[in-house]
file coords.csv (CSV, C-alpha atoms)
chain,number,residue,atom,x,y,z
T,31,MET,CA,202.7,90.8,142.1
T,32,ILE,CA,203.8,93.6,144.4
T,33,ARG,CA,203.0,96.3,141.8
T,34,LYS,CA,199.5,94.9,141.3
T,35,ILE,CA,198.8,95.0,145.1
T,36,THR,CA,200.1,98.5,145.3
T,37,PHE,CA,198.0,99.7,142.4
T,38,SER,CA,194.9,98.0,143.8
T,39,ALA,CA,195.5,99.6,147.2
T,40,LEU,CA,195.8,103.1,145.6
T,41,MET,CA,192.6,102.6,143.6
T,42,LEU,CA,190.7,101.5,146.8
T,43,PHE,CA,192.0,104.6,148.6
T,44,ALA,CA,190.8,106.8,145.7
T,45,SER,CA,187.4,105.2,145.6
T,46,LEU,CA,186.9,105.7,149.3
T,47,SER,CA,187.9,109.3,149.1
T,48,PHE,CA,185.1,110.0,146.6
T,49,ALA,CA,182.5,107.8,148.2
T,50,GLN,CA,179.3,109.4,149.5
T,51,LEU,CA,178.4,107.7,152.7
T,52,GLY,CA,175.1,109.6,153.2
T,53,PRO,CA,174.3,113.2,154.3
T,54,VAL,CA,176.7,114.8,156.8
T,55,GLY,CA,177.3,118.2,158.4
T,56,HIS,CA,180.4,120.1,159.2
T,57,LEU,CA,181.2,122.0,162.4
T,58,THR,CA,183.6,124.9,162.9
T,59,ILE,CA,184.3,126.5,166.3
T,60,PHE,CA,186.7,129.4,166.7
T,61,SER,CA,187.8,131.4,169.7
T,62,GLU,CA,187.3,135.1,169.4
T,63,ASP,CA,190.1,135.9,171.8
T,64,GLY,CA,192.5,133.2,170.6
T,65,ASP,CA,192.0,130.9,173.6
T,66,LYS,CA,193.1,127.3,172.8
T,67,PHE,CA,190.5,124.6,173.5
T,68,THR,CA,189.8,120.9,173.2
T,69,LEU,CA,186.4,119.8,171.8
T,70,ILE,CA,184.5,116.8,173.1
T,71,LEU,CA,181.4,115.5,171.2
T,72,ASN,CA,179.1,112.9,172.8
T,73,GLY,CA,181.9,112.0,175.2
T,74,GLU,CA,184.6,111.6,172.4
T,75,VAL,CA,187.7,113.8,172.4
T,76,ILE,CA,188.0,115.3,168.9
T,77,ASN,CA,191.4,117.1,169.0
T,78,ASP,CA,194.3,115.9,171.1
T,79,VAL,CA,196.2,119.2,170.7
T,80,PRO,CA,194.3,122.3,171.8
T,81,GLN,CA,193.3,124.7,169.0
T,82,THR,CA,191.9,128.2,168.5
T,83,ASN,CA,190.1,127.4,165.3
T,84,LEU,CA,188.8,123.9,164.8
T,85,ARG,CA,186.7,122.3,162.0
T,86,VAL,CA,185.2,118.9,162.3
T,87,GLU,CA,183.9,117.4,159.0
T,88,ASP,CA,181.6,114.5,158.1
T,89,LEU,CA,179.4,114.5,161.3
T,90,ASN,CA,176.4,112.3,160.6
T,91,GLN,CA,174.1,113.2,163.5
T,92,PRO,CA,171.9,116.3,163.5
T,93,TYR,CA,172.6,117.1,167.2
T,94,TYR,CA,175.6,116.6,169.4
T,95,ASN,CA,176.2,117.1,173.1
T,96,ALA,CA,179.4,119.3,173.2
T,97,LYS,CA,181.9,120.1,175.9
T,98,ILE,CA,184.8,122.5,175.5
T,99,LYS,CA,187.8,122.5,177.8
T,100,PHE,CA,190.4,125.2,177.7
T,101,GLU,CA,194.2,125.0,177.8
T,102,ASP,CA,194.1,127.9,180.2
T,103,LYS,CA,192.7,126.1,183.3
T,104,SER,CA,191.5,129.4,184.8
T,105,LEU,CA,188.8,129.5,182.1
T,106,MET,CA,185.5,127.8,182.8
T,107,ASP,CA,184.5,124.8,180.7
T,108,ILE,CA,181.5,125.1,178.3
T,109,SER,CA,178.8,122.5,178.1
T,110,LYS,CA,176.1,122.7,175.4
T,111,ASN,CA,173.5,120.1,174.8
T,112,ASN,CA,171.8,119.6,171.4
T,113,LEU,CA,174.4,121.5,169.4
T,114,MET,CA,172.5,121.7,166.0
T,115,LEU,CA,174.1,120.8,162.7
T,116,THR,CA,171.0,121.2,160.5
T,117,ASP,CA,168.9,124.0,159.3
T,118,VAL,CA,165.2,124.6,160.2
T,119,ASP,CA,164.2,122.0,157.5
T,120,GLY,CA,166.4,119.3,159.0
T,121,ILE,CA,169.0,119.5,156.2
T,122,PHE,CA,172.6,119.1,157.2
T,123,ALA,CA,174.6,122.3,157.1
T,124,ASP,CA,178.1,123.7,157.5
T,125,VAL,CA,177.7,125.5,160.8
T,126,THR,CA,180.1,127.8,162.7
T,127,TYR,CA,180.0,128.7,166.4
T,128,LYS,CA,182.1,131.3,168.2
T,129,ILE,CA,183.6,131.2,171.6
T,130,LYS,CA,183.7,134.5,173.5
T,131,ARG,CA,184.3,135.7,177.0
T,132,ASP,CA,181.5,136.9,179.2
T,133,LYS,CA,181.6,140.7,179.6
T,134,ASN,CA,181.0,140.6,183.3
T,135,ASN,CA,183.1,137.6,184.1
T,136,LYS,CA,186.3,137.1,182.1
T,137,THR,CA,186.7,133.5,183.2
T,138,LYS,CA,183.2,132.6,182.0
T,139,MET,CA,183.1,131.5,178.4
T,140,LYS,CA,180.1,131.4,176.0
T,141,LEU,CA,179.5,129.4,172.8
T,142,ASN,CA,177.3,131.3,170.4
T,143,TYR,CA,175.9,130.5,166.9
T,144,PHE,CA,177.8,132.5,164.3
T,145,SER,CA,176.8,131.4,160.8
T,146,SER,CA,175.6,128.6,158.6
T,147,ILE,CA,176.0,127.8,154.9
T,148,PRO,CA,174.9,124.8,152.8
T,149,VAL,CA,177.3,121.8,152.7
T,150,ARG,CA,179.7,122.0,149.7
T,151,PRO,CA,181.8,119.0,148.8
T,152,ASP,CA,184.4,121.3,147.1
T,153,PHE,CA,184.8,123.7,150.1
T,154,ILE,CA,188.4,124.4,151.0
T,155,PRO,CA,188.9,125.6,154.7
T,156,PRO,CA,191.2,128.5,155.3
T,157,SER,CA,194.8,127.5,156.1
T,158,ASN,CA,194.5,128.7,159.7
T,159,VAL,CA,191.8,126.2,160.5
T,160,HIS,CA,192.7,122.8,162.0
T,161,VAL,CA,190.6,120.2,160.2
T,162,ILE,CA,189.5,116.9,161.7
T,163,HIS,CA,187.6,114.3,159.7
T,164,TYR,CA,185.2,112.7,162.1
T,165,GLY,CA,185.4,108.9,162.3
T,166,GLN,CA,188.9,108.7,160.9
T,167,PRO,CA,192.0,107.8,163.0
T,168,ARG,CA,193.8,110.9,164.2
T,169,PRO,CA,197.5,111.0,163.2
T,170,VAL,CA,200.0,110.5,166.0
T,171,GLN,CA,202.5,113.3,166.1
T,172,VAL,CA,205.9,112.4,167.5
T,173,VAL,CA,208.5,115.2,167.8
T,174,ALA,CA,212.0,114.0,168.4
T,175,PRO,CA,215.4,115.6,167.4
T,176,VAL,CA,217.4,113.7,164.8
T,177,GLN,CA,221.1,114.0,165.3
T,178,GLN,CA,222.3,111.7,162.5
T,179,PRO,CA,220.9,109.3,159.9
T,180,VAL,CA,219.2,106.3,161.6
T,181,ARG,CA,219.2,102.8,160.1
T,182,GLY,CA,215.8,101.3,159.6
T,183,VAL,CA,214.1,104.6,158.8
T,184,THR,CA,211.9,104.7,155.7
T,185,GLN,CA,210.1,107.7,154.3
T,186,ALA,CA,207.2,107.9,151.8
T,187,THR,CA,206.0,111.1,150.2
T,188,THR,CA,202.6,111.2,148.6
T,189,THR,CA,201.6,114.2,146.4
T,190,THR,CA,197.9,114.3,145.4
T,191,THR,CA,197.0,116.8,142.6
T,192,THR,CA,193.3,117.3,141.9
T,193,GLN,CA,192.2,119.1,138.7
T,194,THR,CA,188.5,119.3,138.1
T,195,GLY,CA,186.9,120.3,134.8
T,196,GLY,CA,187.0,117.2,132.7
T,197,THR,CA,190.6,116.3,133.4
T,198,ALA,CA,192.1,113.9,136.0
T,199,VAL,CA,192.8,113.2,139.6
T,200,GLY,CA,196.4,112.0,140.0
T,201,VAL,CA,198.1,110.3,143.0
T,202,GLY,CA,201.9,110.1,142.9
T,203,VAL,CA,203.8,108.2,145.5
T,204,ASN,CA,207.6,108.2,146.1
T,205,VAL,CA,208.8,105.4,148.4
T,206,GLY,CA,212.5,105.0,148.9
T,207,GLY,CA,213.3,107.0,145.7
T,208,VAL,CA,210.9,104.9,143.5
T,209,ASN,CA,208.1,106.9,141.8
T,210,MET,CA,204.7,105.3,141.1
T,211,GLY,CA,201.5,107.0,140.0
T,212,ILE,CA,198.0,106.6,138.8
T,213,SER,CA,195.4,108.9,137.4
T,214,ILE,CA,191.6,108.7,137.6
T,215,ASN,CA,189.4,110.5,135.1
T,216,ASP,CA,186.9,112.9,136.6
T,217,ASN,CA,184.5,114.8,134.3
T,218,MET,CA,182.9,116.8,137.0
T,219,GLY,CA,184.1,120.1,138.6
T,220,GLY,CA,184.8,123.7,137.9
T,221,GLY,CA,188.4,123.8,136.6
T,222,ALA,CA,190.1,124.3,140.0
T,223,VAL,CA,193.4,122.8,141.0
T,224,THR,CA,194.4,121.7,144.5
T,225,GLN,CA,197.5,119.9,145.6
T,226,THR,CA,198.3,118.2,148.9
T,227,THR,CA,201.7,116.7,149.9
T,228,THR,CA,201.9,114.2,152.8
T,229,THR,CA,205.3,113.0,154.2
T,230,THR,CA,205.3,109.9,156.4
T,231,THR,CA,208.5,108.8,158.3
T,232,THR,CA,208.4,105.4,159.9
T,233,VAL,CA,210.8,104.5,162.7
T,234,GLY,CA,210.5,101.0,164.3
T,235,GLY,CA,206.8,100.7,164.2
T,236,GLY,CA,205.9,104.3,165.2
T,237,HIS,CA,205.2,107.0,162.6
T,238,VAL,CA,205.3,110.8,162.1
T,239,VAL,CA,202.9,112.3,159.7
T,240,GLU,CA,203.3,115.9,158.4
T,241,THR,CA,200.7,117.3,156.0
T,242,VAL,CA,201.2,120.4,153.9
T,243,GLU,CA,198.1,122.5,153.3
T,244,PRO,CA,196.7,122.4,149.7
T,245,VAL,CA,198.1,125.1,147.4
T,246,ARG,CA,195.6,127.9,147.1
T,247,GLY,CA,195.5,131.5,145.9
T,248,CYS,CA,198.0,134.2,146.7
T,249,ASN,CA,200.8,131.9,145.3
T,250,GLY,CA,200.0,129.2,147.9
T,251,ARG,CA,201.1,131.4,150.9
T,252,SER,CA,199.3,131.4,154.3
T,253,CYS,CA,197.1,134.1,155.5
T,254,MET,CA,198.0,136.6,158.3
T,255,THR,CA,198.1,135.2,161.8
T,256,ALA,CA,195.2,136.2,164.1
T,257,GLY,CA,197.5,138.5,166.1
T,258,ASN,CA,199.0,140.3,163.1
T,259,PHE,CA,195.6,140.7,161.5
T,260,ASN,CA,193.9,142.1,164.6
T,261,ALA,CA,196.7,144.7,164.9
T,262,ALA,CA,196.3,145.6,161.2
T,263,LEU,CA,192.5,145.9,161.6
T,264,ALA,CA,192.9,148.2,164.6
T,265,THR,CA,195.2,150.4,162.6
T,266,ILE,CA,192.7,150.7,159.8
T,267,LYS,CA,189.9,151.6,162.2
T,268,LYS,CA,191.9,154.3,163.9
T,269,GLN,CA,192.1,156.4,160.7
T,270,SER,CA,189.9,159.5,160.9
T,271,PHE,CA,188.7,159.5,157.3
T,272,GLU,CA,187.3,156.6,155.2
T,273,ASP,CA,189.5,157.4,152.3
T,274,THR,CA,192.5,157.1,154.6
T,275,GLN,CA,191.1,153.8,155.9
T,276,LEU,CA,190.9,152.5,152.4
T,277,LYS,CA,194.4,153.5,151.5
T,278,THR,CA,195.7,151.8,154.8
T,279,ALA,CA,193.7,148.7,154.0
T,280,LYS,CA,195.2,148.4,150.6
T,281,GLN,CA,198.7,148.9,152.1
T,282,VAL,CA,198.1,146.0,154.5
T,283,ILE,CA,196.7,143.8,151.7
T,284,ALA,CA,199.5,144.5,149.3
T,285,ALA,CA,202.1,143.1,151.7
T,286,ASN,CA,200.1,140.1,153.0
T,287,CYS,CA,197.7,137.3,152.2
T,288,LEU,CA,194.2,137.1,153.8
T,289,ASN,CA,191.4,134.5,154.0
T,290,VAL,CA,187.9,135.4,153.0
T,291,ASP,CA,186.7,136.1,156.6
T,292,GLN,CA,189.6,138.5,157.2
T,293,ILE,CA,188.7,140.4,154.0
T,294,ILE,CA,185.1,140.6,155.0
T,295,GLN,CA,186.1,142.1,158.4
T,296,ILE,CA,188.1,144.8,156.8
T,297,ALA,CA,185.4,145.5,154.1
T,298,ASN,CA,182.8,146.0,156.9
T,299,THR,CA,184.8,148.8,158.4
T,300,PHE,CA,183.8,151.0,155.4
T,301,SER,CA,180.4,152.8,155.5
T,302,PHE,CA,180.2,153.6,151.8
T,303,GLU,CA,179.4,150.7,149.4
T,304,ASP,CA,181.7,152.2,146.7
T,305,ASN,CA,184.7,151.8,149.1
T,306,LYS,CA,183.6,148.3,150.0
T,307,LEU,CA,183.4,147.3,146.3
T,308,GLU,CA,186.8,148.9,145.5
T,309,PHE,CA,188.5,147.1,148.4
T,310,ALA,CA,186.8,143.8,147.6
T,311,LYS,CA,188.1,144.0,144.0
T,312,PHE,CA,191.6,145.0,145.1
T,313,ALA,CA,191.8,142.2,147.7
T,314,TYR,CA,190.8,139.3,145.3
T,315,ASP,CA,194.4,138.7,144.1
T,316,TYR,CA,195.6,138.5,147.8
T,317,CYS,CA,192.9,136.0,148.9
T,318,ILE,CA,194.2,132.4,149.7
T,319,GLU,CA,190.7,130.9,149.0
T,320,PRO,CA,189.4,132.5,145.9
T,321,ARG,CA,186.8,129.8,145.5
T,322,ASN,CA,185.0,131.1,148.5
T,323,TYR,CA,185.0,134.7,147.4
T,324,PHE,CA,181.2,134.5,146.9
T,325,LYS,CA,180.9,135.1,150.7
T,326,LEU,CA,181.7,138.7,150.1
T,327,ASN,CA,178.3,139.2,148.3
T,328,GLY,CA,176.8,139.4,151.8
T,329,ILE,CA,178.6,142.7,152.6
T,330,PHE,CA,176.6,144.7,150.0
T,331,SER,CA,173.1,146.2,150.3
T,332,PHE,CA,172.7,146.8,146.6
T,333,SER,CA,172.5,143.9,144.1
T,334,SER,CA,174.3,146.0,141.5
T,335,ASN,CA,177.5,145.9,143.6
T,336,VAL,CA,177.1,142.1,144.0
T,337,ASP,CA,176.8,141.8,140.2
T,338,GLU,CA,179.8,144.0,139.6
T,339,LEU,CA,182.0,142.1,142.0
T,340,SER,CA,180.9,138.8,140.5
T,341,ASP,CA,181.8,140.0,137.0
T,342,TYR,CA,185.2,141.2,138.2
T,343,VAL,CA,186.0,137.9,139.9
T,344,GLN,CA,185.0,136.0,136.7
T,345,SER,CA,187.3,138.3,134.7
T,346,ARG,CA,190.2,137.4,137.0
T,347,GLN,CA,189.8,133.6,136.8

call {"tool": "encode", "arguments": {"input": "coords.csv", "output": "structure tokens"}}
result
Amino acid sequence: MIRKITFSALMLFASLSFAQLGPVGHLTIFSEDGDKFTLILNGEVINDVPQTNLRVEDLNQPYYNAKIKFEDKSLMDISKNNLMLTDVDGIFADVTYKIKRDKNNKTKMKLNYFSSIPVRPDFIPPSNVHVIHYGQPRPVQVVAPVQQPVRGVTQATTTTTTQTGGTAVGVGVNVGGVNMGISINDNMGGGAVTQTTTTTTTVGGGHVVETVEPVRGCNGRSCMTAGNFNAALATIKKQSFEDTQLKTAKQVIAANCLNVDQIIQIANTFSFEDNKLEFAKFAYDYCIEPRNYFKLNGIFSFSSNVDELSDYVQSRQ
């Protein structure tokens, strides 16, 4: 009887995960200078822990009244009414806004529109972005030192592997050393594989949840931190000749992993399209989110370079 209930619960979880509850938009806000902030939408606090790069998914209203409060109390709050999550035709979009400091007043902060793309159900955010699913309970994080094994402590580890392209979605659960698993056939998708591991430790009614980011490109490693990347980008820009810039950029890439936005920033330092194309090809193997590599098409002025990069990416898949 217990096994039947467990199986049914897992099936319900899976079905809810794939359910479409109507059109929604996604909102990403990042701080250009790395200032940590808390986002409030329509009076509701979104993130309990201040972040520098925050993504809120599954927002079901076209407009929100937003307020941003900074961890650094010397910085002025930002209030923005009618923050738009749709395009000009009223279709929900995946919208990004940027926080930057006022040039004339360093304590005054601005929230500016940055970019917008169509909503994609298979979009994987970069690993340096803190993701909140709107309308779902936020996990309670409890940090406490453990000196020795404690009685009454249970731990459950759930590993979810999603492989699209006519194969299956599997959910494996390990509770107290006992493994259980189910698989759900899915004939839709593009042949990509993602994996997420969640470890839940329960102690006397409270709980600690630790989620490991999905395995992505670049052997599942994380991209460069904002500080290290900015230092590398400054070094590249300091080079006097573009050939030297390209060599320096390749040197940086070969020792690190980058997300798509970081690769775009480096590529845009080159004036010649041939150098942009050469760098974009070289950087592909070091990108943590290869499924979003199509964004690099926007750095080219000539469609022939877009086609050449697309052909190269397909040959590497």

call {"tool": "atom_distance", "arguments": {"input": "coords.csv", "atom1": "CA of Ser145 in chain T", "atom2": "CA of Gln344 in chain T"}}
result
25.9 Å

call {"tool": "residues_around", "arguments": {"input": "coords.csv", "residues": "Ile129 in chain T", "least_positions_apart": "3", "cutoff": "6 Å", "atoms": "only C-alpha atoms", "output": "list in words"}}
result
Ser61, Glu62, Lys140 and Leu141 of chain T

call {"tool": "residues_around", "arguments": {"input": "coords.csv", "residues": "Asn258 in chain T", "least_positions_apart": "5", "cutoff": "12 Å", "atoms": "all atoms listed in the file", "output": "PyMOL selection string"}}
result
chain T and resi 253+263-265+282+286-288+292

call {"tool": "closest_atom_pairs", "arguments": {"input": "coords.csv", "of": "range 302-322 of chain T", "to": "range 271-274 of chain T", "cutoff": "12 Å", "atoms": "all atoms listed in the file", "output": "tab-separated table"}}
result
residue	atom	partner	partner_atom	distance
T:Phe302	CA	T:Glu272	CA	8.4
T:Glu303	CA	T:Glu272	CA	11.4
T:Asp304	CA	T:Asp273	CA	10.9
T:Asn305	CA	T:Asp273	CA	8.0
T:Lys306	CA	T:Glu272	CA	10.5
T:Glu308	CA	T:Asp273	CA	11.2
T:Phe309	CA	T:Asp273	CA	11.1

call {"tool": "atom_distance", "arguments": {"input": "coords.csv", "atom1": "CA of Lys138 in chain T", "atom2": "CA of Asp124 in chain T"}}
result
26.6 Å

call {"tool": "closest_residue", "arguments": {"input": "coords.csv", "among": "T:Asn289, T:Asn322, T:Asn335, T:Ser146", "to": "Met254 in chain T", "atoms": "all atoms listed in the file"}}
result
T:Asn289

call {"tool": "residues_near_point", "arguments": {"input": "coords.csv", "point": "(191.7, 137.7, 156.8)", "cutoff": "12 Å", "atoms": "only C-alpha atoms", "output": "PDB file with C-alpha atoms, in the coordinates of the input"}}
result
ATOM      1  CA  PRO T 156     191.200 128.500 155.300  1.00  0.00           C
ATOM      2  CA  SER T 157     194.800 127.500 156.100  1.00  0.00           C
ATOM      3  CA  ASN T 158     194.500 128.700 159.700  1.00  0.00           C
ATOM      4  CA  SER T 252     199.300 131.400 154.300  1.00  0.00           C
ATOM      5  CA  CYS T 253     197.100 134.100 155.500  1.00  0.00           C
ATOM      6  CA  MET T 254     198.000 136.600 158.300  1.00  0.00           C
ATOM      7  CA  THR T 255     198.100 135.200 161.800  1.00  0.00           C
ATOM      8  CA  ALA T 256     195.200 136.200 164.100  1.00  0.00           C
ATOM      9  CA  GLY T 257     197.500 138.500 166.100  1.00  0.00           C
ATOM     10  CA  ASN T 258     199.000 140.300 163.100  1.00  0.00           C
ATOM     11  CA  PHE T 259     195.600 140.700 161.500  1.00  0.00           C
ATOM     12  CA  ASN T 260     193.900 142.100 164.600  1.00  0.00           C
ATOM     13  CA  ALA T 261     196.700 144.700 164.900  1.00  0.00           C
ATOM     14  CA  ALA T 262     196.300 145.600 161.200  1.00  0.00           C
ATOM     15  CA  LEU T 263     192.500 145.900 161.600  1.00  0.00           C
ATOM     16  CA  ALA T 279     193.700 148.700 154.000  1.00  0.00           C
ATOM     17  CA  VAL T 282     198.100 146.000 154.500  1.00  0.00           C
ATOM     18  CA  ILE T 283     196.700 143.800 151.700  1.00  0.00           C
ATOM     19  CA  ASN T 286     200.100 140.100 153.000  1.00  0.00           C
ATOM     20  CA  CYS T 287     197.700 137.300 152.200  1.00  0.00           C
ATOM     21  CA  LEU T 288     194.200 137.100 153.800  1.00  0.00           C
ATOM     22  CA  ASN T 289     191.400 134.500 154.000  1.00  0.00           C
ATOM     23  CA  VAL T 290     187.900 135.400 153.000  1.00  0.00           C
ATOM     24  CA  ASP T 291     186.700 136.100 156.600  1.00  0.00           C
ATOM     25  CA  GLN T 292     189.600 138.500 157.200  1.00  0.00           C
ATOM     26  CA  ILE T 293     188.700 140.400 154.000  1.00  0.00           C
ATOM     27  CA  ILE T 294     185.100 140.600 155.000  1.00  0.00           C
ATOM     28  CA  GLN T 295     186.100 142.100 158.400  1.00  0.00           C
ATOM     29  CA  ILE T 296     188.100 144.800 156.800  1.00  0.00           C
ATOM     30  CA  ALA T 297     185.400 145.500 154.100  1.00  0.00           C
ATOM     31  CA  ALA T 313     191.800 142.200 147.700  1.00  0.00           C
ATOM     32  CA  TYR T 314     190.800 139.300 145.300  1.00  0.00           C
ATOM     33  CA  TYR T 316     195.600 138.500 147.800  1.00  0.00           C
ATOM     34  CA  CYS T 317     192.900 136.000 148.900  1.00  0.00           C
ATOM     35  CA  ILE T 318     194.200 132.400 149.700  1.00  0.00           C
ATOM     36  CA  GLU T 319     190.700 130.900 149.000  1.00  0.00           C
ATOM     37  CA  TYR T 323     185.000 134.700 147.400  1.00  0.00           C
TER      38      TYR T 323
END

call {"tool": "axis_aligned_box", "arguments": {"input": "coords.csv", "around": "range 155-166 of chain T", "padding_each_side": "3 Å", "output": "lines of an AutoDock Vina configuration file"}}
result
center_x = 190.0
center_y = 118.7
center_z = 158.5
size_x = 15.6
size_y = 26.0
size_z = 13.6

call {"tool": "atom_distance", "arguments": {"input": "coords.csv", "atom1": "CA of Pro320 in chain T", "atom2": "CA of Lys66 in chain T"}}
result
27.6 Å

call {"tool": "build_atoms", "arguments": {"input": "coords.csv", "residues": "range 71-79 of chain T", "atoms": "all heavy atoms", "output": "compact mmCIF listing (two decimals), in the coordinates of the input"}}
result
# COMPACT_ATOMS: atom_id res chain seq x y z
N LEU T 71 182.76 115.75 171.72
CA LEU T 71 181.40 115.50 171.20
C LEU T 71 180.89 114.19 171.61
O LEU T 71 181.52 113.16 171.34
CB LEU T 71 181.44 115.63 169.65
CG LEU T 71 181.76 116.99 169.03
CD1 LEU T 71 181.76 116.89 167.51
CD2 LEU T 71 180.79 118.07 169.49
N ASN T 72 179.75 114.20 172.26
CA ASN T 72 179.10 112.90 172.80
C ASN T 72 180.14 112.10 173.53
O ASN T 72 180.20 110.87 173.40
CB ASN T 72 178.55 112.14 171.60
CG ASN T 72 177.33 112.79 171.01
OD1 ASN T 72 176.80 113.76 171.55
ND2 ASN T 72 176.86 112.27 169.88
N GLY T 73 180.97 112.74 174.33
CA GLY T 73 181.90 112.00 175.20
C GLY T 73 183.23 111.68 174.49
O GLY T 73 184.14 111.11 175.12
N GLU T 74 183.38 111.98 173.19
CA GLU T 74 184.60 111.60 172.40
C GLU T 74 185.47 112.84 172.22
O GLU T 74 185.00 113.87 171.71
CB GLU T 74 184.21 111.02 171.09
CG GLU T 74 185.42 110.62 170.24
CD GLU T 74 185.01 110.06 168.89
OE1 GLU T 74 183.81 109.83 168.69
OE2 GLU T 74 185.91 109.87 168.04
N VAL T 75 186.73 112.73 172.62
CA VAL T 75 187.70 113.80 172.40
C VAL T 75 187.99 113.94 170.94
O VAL T 75 188.40 112.97 170.30
CB VAL T 75 188.97 113.58 173.23
CG1 VAL T 75 190.00 114.68 172.95
CG2 VAL T 75 188.68 113.51 174.72
N ILE T 76 187.80 115.13 170.38
CA ILE T 76 188.00 115.30 168.90
C ILE T 76 189.41 115.71 168.60
O ILE T 76 190.00 115.16 167.68
CB ILE T 76 187.01 116.42 168.43
CG1 ILE T 76 185.55 116.00 168.69
CG2 ILE T 76 187.24 116.67 166.94
CD1 ILE T 76 185.16 114.69 168.03
N ASN T 77 189.99 116.65 169.31
CA ASN T 77 191.40 117.10 169.00
C ASN T 77 192.26 116.88 170.21
O ASN T 77 191.98 117.36 171.32
CB ASN T 77 191.37 118.58 168.60
CG ASN T 77 190.73 119.49 169.62
OD1 ASN T 77 189.60 119.26 170.03
ND2 ASN T 77 191.45 120.53 170.02
N ASP T 78 193.35 116.15 170.00
CA ASP T 78 194.30 115.90 171.10
C ASP T 78 195.10 117.11 171.46
O ASP T 78 195.47 117.30 172.61
CB ASP T 78 195.25 114.74 170.67
CG ASP T 78 194.51 113.43 170.43
OD1 ASP T 78 193.63 113.11 171.24
OD2 ASP T 78 194.80 112.76 169.43
N VAL T 79 195.39 117.96 170.45
CA VAL T 79 196.20 119.20 170.70
C VAL T 79 195.19 120.36 170.70
O VAL T 79 194.42 120.54 169.75
CB VAL T 79 197.22 119.38 169.58
CG1 VAL T 79 198.00 120.66 169.80
CG2 VAL T 79 198.15 118.17 169.52
